[in-house]
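Written out below as structure tokens is the structure these notes cover.
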Amino acid sequence: MAEPITQLEYARAGHVTAEMTLVAQRELLAPETVRAEVAAGRMVIPANRVHLAKRLEPMCIGIAARCKVNANIGNSAVTSDIQGELEKLHTAVHFGADTVMDLSTGKNIDAIRESIIAASPVPIGTVPIYQMLEELGGDIEDMRPQHFLDMIEHQAQQGVDYMTVHCGVKLEHLHLTTGRLTGIVSRGGSLIAKWMMAHRKQNPLYEHFEDLCDVMRQYDVTWSLGDGLRPGSLADASDAAQFAELDVLGELTRRGWARGTQVMVEGPGHIPMDEVAMNVERQIEVCDGAPFYVLGPLVTDFAPGYDHITSCIGAALAGWAGAAMLCYVTPKEHLGLPEREDVKQGLIAYKIAAHAADIARKRQAARDRDDALSKARFEFDWNRQFELALDPETARAYHDETLPQDTFKSAHFCSMCGPKYCSMKITQDIREMASSGELVEIAAAEQ
């Protein structure tokens, strides 16, 4: 038996790695719990050894841990540069992104990614087919399996911690998409579909999956098995194409584990509210508990410009049902390349969703923070409210728009109610009036 080199292999051999110990401390879990979850495949620690040697701070994704949030950044063929992407990275990490995906599709991809990895304390993910396509001049028909294997190794050598690869899109399932309203909306999925139709051959990434695993294992890169046939509209949600691919992803999850690689699975992007829990539960069953990484999901398609809101509703429901990580959506989704403020708005919406999911899943630390903020609010401890807030700067700025003076940081009212109509102040007055036990006496008399 080969010596263990991945977190999965160490966990299965009974070893608690330094990374598992750090994760346990961050998650308030026992190290043995982390080891057992990683060994079972229910938890991943995306930590490429190259990135670990730089500044990566190990984290985990799994049902036993806090619900995580990913932020997408990256340039396009028409906009953005290294400095712009580093600003987005800083914004994402500042507002709580647990991982960041570099989805660059334009020029200078290597330099941008190397800068992002060198600067990032959180795991970095990619979709390797984007860079491979750029190097092929945009013609996916020219791809050969070795092109993709070389790109996987190249990005692993750079330090990429997890990669989205659309191995589950199979030739025999393409006909299931012909009646869809929005067809194949995954960029990677559509590219693989085009290659298969051009060559009338099976998905080469599926056929060379074990070879890909061997490269991923060498650097301990985590699989993010891409959902290339995910629905791009409510009309296409939970259809035969989506679930046919999910069955393949379950098969690939087990094949990936057998080769010693860590695996998580990507999920749908557009799902009606009443189908969200069913989708999560089905993935958990089909993929033997592998962490589920959902793209949204949007629960309505009618609000372009506000998709970060429509999708964080679905994200909260998915997290409550058992999704391990939520991929944020920004206000610019389907409209343009997000900039710094769009990244912030997407992160804020999704951190709320993840936090709400953690409370619903009875994560005590999440509830403790809520209760502490509620206590500070009732006690009119404004500075403590700001400190505990998800976005302290915005909370303080809103308060100070009308009451900026320091004296109002201890006032028992805000400008919304004023000094005479604040219910919390009135409640305090009632309690003070009844401190002698008068309320108990009144209640007894009434009975």
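By order in the structure tokens, chains are A, B, ...; within a chain, residues start at 1; ligands start at 1, following the order shown.
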Would you write out, as JSON lines, a table of all residues in stretch 89-175 of chain A that have an atom no more than 9 Å from an atom of stretch 191-201 of chain A, listing for each the closest atom pair and the distance in Å to one decimal, considering only C-alpha atoms and ordering rows by chain and rising residue number?
{"residue": "A:Ile129", "atom": "CA", "partner": "A:Leu191", "partner_atom": "CA", "distance": 8.5}
{"residue": "A:Ile140", "atom": "CA", "partner": "A:Trp195", "partner_atom": "CA", "distance": 6.2}
{"residue": "A:Glu141", "atom": "CA", "partner": "A:Trp195", "partner_atom": "CA", "distance": 5.2}
{"residue": "A:Asp142", "atom": "CA", "partner": "A:Trp195", "partner_atom": "CA", "distance": 8.4}
{"residue": "A:Met143", "atom": "CA", "partner": "A:Trp195", "partner_atom": "CA", "distance": 7.9}
{"residue": "A:His166", "atom": "CA", "partner": "A:Ile192", "partner_atom": "CA", "distance": 7.5}
{"residue": "A:Cys167", "atom": "CA", "partner": "A:Ile192", "partner_atom": "CA", "distance": 8.8}
{"residue": "A:Val169", "atom": "CA", "partner": "A:Ala193", "partner_atom": "CA", "distance": 7.3}
{"residue": "A:Lys170", "atom": "CA", "partner": "A:Ala193", "partner_atom": "CA", "distance": 8.0}
{"residue": "A:Leu171", "atom": "CA", "partner": "A:Met196", "partner_atom": "CA", "distance": 6.4}
{"residue": "A:Leu174", "atom": "CA", "partner": "A:Ala193", "partner_atom": "CA", "distance": 7.2}
Excluding A:Asp406 and any residue of its chain fewer than 6 positions from it, enumerate the residues within 12 Å of it, using only C-alpha atoms, and give them as a JSON list (two decimals) with all heavy atoms, in the first residue's frame.
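Generated file (out-v7.json):
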[["chain", "number", "residue", "atom", "x", "y", "z"],
["A", 382, "TRP", "N", -24.30, 50.56, 21.60],
["A", 382, "TRP", "CA", -24.15, 50.73, 20.15],
["A", 382, "TRP", "C", -22.80, 50.23, 19.66],
["A", 382, "TRP", "O", -22.73, 49.56, 18.62],
["A", 382, "TRP", "CB", -24.33, 52.20, 19.79],
["A", 382, "TRP", "CG", -25.71, 52.69, 20.10],
["A", 382, "TRP", "CD1", -26.10, 53.43, 21.18],
["A", 382, "TRP", "CD2", -26.89, 52.44, 19.33],
["A", 382, "TRP", "NE1", -27.45, 53.67, 21.15],
["A", 382, "TRP", "CE2", -27.97, 53.08, 20.02],
["A", 382, "TRP", "CE3", -27.17, 51.75, 18.17],
["A", 382, "TRP", "CZ2", -29.27, 53.03, 19.55],
["A", 382, "TRP", "CZ3", -28.46, 51.72, 17.70],
["A", 382, "TRP", "CH2", -29.50, 52.34, 18.37],
["A", 383, "ASN", "N", -21.73, 50.53, 20.36],
["A", 383, "ASN", "CA", -20.40, 50.11, 19.89],
["A", 383, "ASN", "C", -20.27, 48.59, 19.87],
["A", 383, "ASN", "O", -19.64, 48.03, 18.98],
["A", 383, "ASN", "CB", -19.32, 50.74, 20.77],
["A", 383, "ASN", "CG", -19.16, 52.22, 20.49],
["A", 383, "ASN", "OD1", -19.23, 52.66, 19.34],
["A", 383, "ASN", "ND2", -18.97, 53.01, 21.54],
["A", 396, "ARG", "N", -22.42, 51.19, 11.43],
["A", 396, "ARG", "CA", -22.04, 52.44, 12.09],
["A", 396, "ARG", "C", -22.40, 53.65, 11.22],
["A", 396, "ARG", "O", -22.91, 54.66, 11.69],
["A", 396, "ARG", "CB", -20.55, 52.44, 12.40],
["A", 396, "ARG", "CG", -20.06, 53.67, 13.16],
["A", 396, "ARG", "CD", -18.55, 53.62, 13.36],
["A", 396, "ARG", "NE", -18.15, 52.50, 14.17],
["A", 396, "ARG", "CZ", -18.11, 52.52, 15.51],
["A", 396, "ARG", "NH1", -18.48, 53.63, 16.15],
["A", 396, "ARG", "NH2", -17.71, 51.47, 16.18],
["A", 399, "HIS", "N", -26.13, 54.45, 11.36],
["A", 399, "HIS", "CA", -26.47, 55.10, 12.63],
["A", 399, "HIS", "C", -26.02, 56.55, 12.64],
["A", 399, "HIS", "O", -26.76, 57.45, 13.06],
["A", 399, "HIS", "CB", -25.83, 54.34, 13.79],
["A", 399, "HIS", "CG", -26.04, 54.99, 15.12],
["A", 399, "HIS", "ND1", -25.18, 55.95, 15.63],
["A", 399, "HIS", "CD2", -27.02, 54.84, 16.05],
["A", 399, "HIS", "CE1", -25.61, 56.34, 16.81],
["A", 399, "HIS", "NE2", -26.73, 55.69, 17.09],
["A", 400, "ASP", "N", -24.80, 56.79, 12.14],
["A", 400, "ASP", "CA", -24.21, 58.12, 12.24],
["A", 400, "ASP", "C", -24.73, 59.10, 11.20],
["A", 400, "ASP", "O", -24.42, 60.30, 11.28],
["A", 400, "ASP", "CB", -22.69, 58.01, 12.14],
["A", 400, "ASP", "CG", -22.07, 57.34, 13.36],
["A", 400, "ASP", "OD1", -22.83, 57.01, 14.30],
["A", 400, "ASP", "OD2", -20.85, 57.14, 13.37]]
**Report entry** Using only C-alpha atoms: which of A:Leu246, A:Leu388, A:Val16, A:Ala258 has the shortest distance to A:His173
**Finding:**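 Nearest candidate to A:His173 out of A:Leu246, A:Leu388, A:Val16, A:Ala258: A:Leu246.
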Requested in this report: Could you pull out the residues in stretch 108-257 of chain A that DSSP calls helix (DSSP H, G or I) from the backbone, as number ranges by chain?
Outcome: A: 109-119, 128-135, 140-142, 145-158, 171-177, 187-199, 204-207, 209-219, 234-236, 240-257
Output file for the selection above: C-alpha atoms, as a PDB file, in the first residue's frame:
ATOM      1  CA  ILE A 109      -4.206  34.233 -16.585  1.00  0.00           C
ATOM      2  CA  ASP A 110      -1.022  32.724 -15.131  1.00  0.00           C
ATOM      3  CA  ALA A 111       0.261  35.980 -13.676  1.00  0.00           C
ATOM      4  CA  ILE A 112      -3.151  36.818 -12.210  1.00  0.00           C
ATOM      5  CA  ARG A 113      -3.513  33.399 -10.608  1.00  0.00           C
ATOM      6  CA  GLU A 114      -0.006  33.344  -9.193  1.00  0.00           C
ATOM      7  CA  SER A 115      -0.626  36.743  -7.597  1.00  0.00           C
ATOM      8  CA  ILE A 116      -3.963  35.600  -6.170  1.00  0.00           C
ATOM      9  CA  ILE A 117      -2.510  32.385  -4.692  1.00  0.00           C
ATOM     10  CA  ALA A 118       0.466  34.224  -3.197  1.00  0.00           C
ATOM     11  CA  ALA A 119      -1.856  36.756  -1.533  1.00  0.00           C
ATOM     12  CA  PRO A 128      -9.061  24.492 -15.661  1.00  0.00           C
ATOM     13  CA  ILE A 129     -10.895  24.190 -18.971  1.00  0.00           C
ATOM     14  CA  TYR A 130     -11.064  28.000 -19.194  1.00  0.00           C
ATOM     15  CA  GLN A 131      -7.297  28.459 -19.337  1.00  0.00           C
ATOM     16  CA  MET A 132      -6.835  25.408 -21.537  1.00  0.00           C
ATOM     17  CA  LEU A 133      -9.341  26.848 -24.018  1.00  0.00           C
ATOM     18  CA  GLU A 134      -7.527  30.170 -24.022  1.00  0.00           C
ATOM     19  CA  GLU A 135      -4.269  28.414 -24.858  1.00  0.00           C
ATOM     20  CA  ILE A 140     -12.508  23.352 -27.954  1.00  0.00           C
ATOM     21  CA  GLU A 141     -12.618  20.889 -30.858  1.00  0.00           C
ATOM     22  CA  ASP A 142      -8.798  20.926 -30.848  1.00  0.00           C
ATOM     23  CA  PRO A 145      -6.885  14.484 -23.319  1.00  0.00           C
ATOM     24  CA  GLN A 146      -3.224  15.313 -22.792  1.00  0.00           C
ATOM     25  CA  HIS A 147      -3.992  19.039 -23.102  1.00  0.00           C
ATOM     26  CA  PHE A 148      -6.291  18.779 -20.122  1.00  0.00           C
ATOM     27  CA  LEU A 149      -3.962  16.573 -18.089  1.00  0.00           C
ATOM     28  CA  ASP A 150      -1.158  19.060 -18.665  1.00  0.00           C
ATOM     29  CA  MET A 151      -3.355  21.973 -17.580  1.00  0.00           C
ATOM     30  CA  ILE A 152      -4.447  20.180 -14.410  1.00  0.00           C
ATOM     31  CA  GLU A 153      -0.812  19.572 -13.501  1.00  0.00           C
ATOM     32  CA  HIS A 154       0.184  23.121 -14.385  1.00  0.00           C
ATOM     33  CA  GLN A 155      -2.462  24.635 -12.112  1.00  0.00           C
ATOM     34  CA  ALA A 156      -1.683  22.131  -9.353  1.00  0.00           C
ATOM     35  CA  GLN A 157       1.965  23.230  -9.503  1.00  0.00           C
ATOM     36  CA  GLN A 158       0.802  26.841  -9.112  1.00  0.00           C
ATOM     37  CA  LEU A 171     -22.568  11.740 -24.602  1.00  0.00           C
ATOM     38  CA  GLU A 172     -25.679   9.639 -24.034  1.00  0.00           C
ATOM     39  CA  HIS A 173     -27.252  12.335 -21.840  1.00  0.00           C
ATOM     40  CA  LEU A 174     -27.018  15.277 -24.240  1.00  0.00           C
ATOM     41  CA  HIS A 175     -30.348  14.498 -25.882  1.00  0.00           C
ATOM     42  CA  LEU A 176     -32.024  15.093 -22.504  1.00  0.00           C
ATOM     43  CA  THR A 177     -31.171  18.801 -22.795  1.00  0.00           C
ATOM     44  CA  ARG A 187     -19.666  27.051 -19.589  1.00  0.00           C
ATOM     45  CA  GLY A 188     -17.551  23.983 -18.915  1.00  0.00           C
ATOM     46  CA  GLY A 189     -20.473  21.664 -19.568  1.00  0.00           C
ATOM     47  CA  SER A 190     -21.307  23.314 -22.876  1.00  0.00           C
ATOM     48  CA  LEU A 191     -17.682  23.148 -24.020  1.00  0.00           C
ATOM     49  CA  ILE A 192     -17.443  19.424 -23.247  1.00  0.00           C
ATOM     50  CA  ALA A 193     -20.794  18.846 -24.972  1.00  0.00           C
ATOM     51  CA  LYS A 194     -19.554  20.657 -28.071  1.00  0.00           C
ATOM     52  CA  TRP A 195     -16.362  18.553 -28.096  1.00  0.00           C
ATOM     53  CA  MET A 196     -18.364  15.312 -27.843  1.00  0.00           C
ATOM     54  CA  MET A 197     -20.690  16.308 -30.683  1.00  0.00           C
ATOM     55  CA  ALA A 198     -17.787  17.397 -32.888  1.00  0.00           C
ATOM     56  CA  HIS A 199     -15.941  14.094 -32.387  1.00  0.00           C
ATOM     57  CA  PRO A 204     -12.527  12.365 -22.487  1.00  0.00           C
ATOM     58  CA  LEU A 205     -12.488  13.703 -18.927  1.00  0.00           C
ATOM     59  CA  TYR A 206     -14.769  10.869 -17.869  1.00  0.00           C
ATOM     60  CA  GLU A 207     -12.690   8.285 -19.722  1.00  0.00           C
ATOM     61  CA  PHE A 209     -10.754  10.196 -14.788  1.00  0.00           C
ATOM     62  CA  GLU A 210      -8.236   7.912 -13.060  1.00  0.00           C
ATOM     63  CA  ASP A 211      -5.343   9.685 -14.838  1.00  0.00           C
ATOM     64  CA  LEU A 212      -6.700  13.000 -13.620  1.00  0.00           C
ATOM     65  CA  CYS A 213      -7.006  11.589 -10.107  1.00  0.00           C
ATOM     66  CA  ASP A 214      -3.347  10.616 -10.101  1.00  0.00           C
ATOM     67  CA  VAL A 215      -2.311  14.205 -10.853  1.00  0.00           C
ATOM     68  CA  MET A 216      -4.724  15.630  -8.257  1.00  0.00           C
ATOM     69  CA  ARG A 217      -3.499  13.172  -5.620  1.00  0.00           C
ATOM     70  CA  GLN A 218       0.138  14.158  -6.117  1.00  0.00           C
ATOM     71  CA  TYR A 219      -0.575  17.707  -4.903  1.00  0.00           C
ATOM     72  CA  LEU A 234     -36.686  27.220 -12.997  1.00  0.00           C
ATOM     73  CA  ALA A 235     -38.268  25.631 -16.060  1.00  0.00           C
ATOM     74  CA  ASP A 236     -35.339  23.196 -16.333  1.00  0.00           C
ATOM     75  CA  ALA A 240     -33.815  14.126 -16.325  1.00  0.00           C
ATOM     76  CA  ALA A 241     -30.553  15.645 -17.607  1.00  0.00           C
ATOM     77  CA  GLN A 242     -29.631  17.087 -14.205  1.00  0.00           C
ATOM     78  CA  PHE A 243     -30.278  13.851 -12.351  1.00  0.00           C
ATOM     79  CA  ALA A 244     -28.621  11.661 -15.005  1.00  0.00           C
ATOM     80  CA  GLU A 245     -25.432  13.637 -14.479  1.00  0.00           C
ATOM     81  CA  LEU A 246     -25.834  13.469 -10.692  1.00  0.00           C
ATOM     82  CA  ASP A 247     -25.821   9.667 -10.879  1.00  0.00           C
ATOM     83  CA  VAL A 248     -22.529   9.839 -12.801  1.00  0.00           C
ATOM     84  CA  LEU A 249     -21.105  12.229 -10.185  1.00  0.00           C
ATOM     85  CA  GLY A 250     -21.948   9.683  -7.499  1.00  0.00           C
ATOM     86  CA  GLU A 251     -19.991   7.072  -9.435  1.00  0.00           C
ATOM     87  CA  LEU A 252     -17.054   9.477  -9.879  1.00  0.00           C
ATOM     88  CA  THR A 253     -17.083  10.368  -6.190  1.00  0.00           C
ATOM     89  CA  ARG A 254     -16.444   6.757  -5.308  1.00  0.00           C
ATOM     90  CA  ARG A 255     -13.798   6.395  -8.014  1.00  0.00           C
ATOM     91  CA  GLY A 256     -12.067   9.519  -6.740  1.00  0.00           C
ATOM     92  CA  TRP A 257     -12.027   8.204  -3.176  1.00  0.00           C
TER      93      TRP A 257
END
**Report entry** Given only C-alpha atoms as the counted atoms, nearest of A:Pro331, A:Gly322, A:Gly305, A:Gly168 to A:Met278
**Finding:**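 Using only C-alpha atoms, the shortest distance to A:Met278 belongs to A:Gly322.
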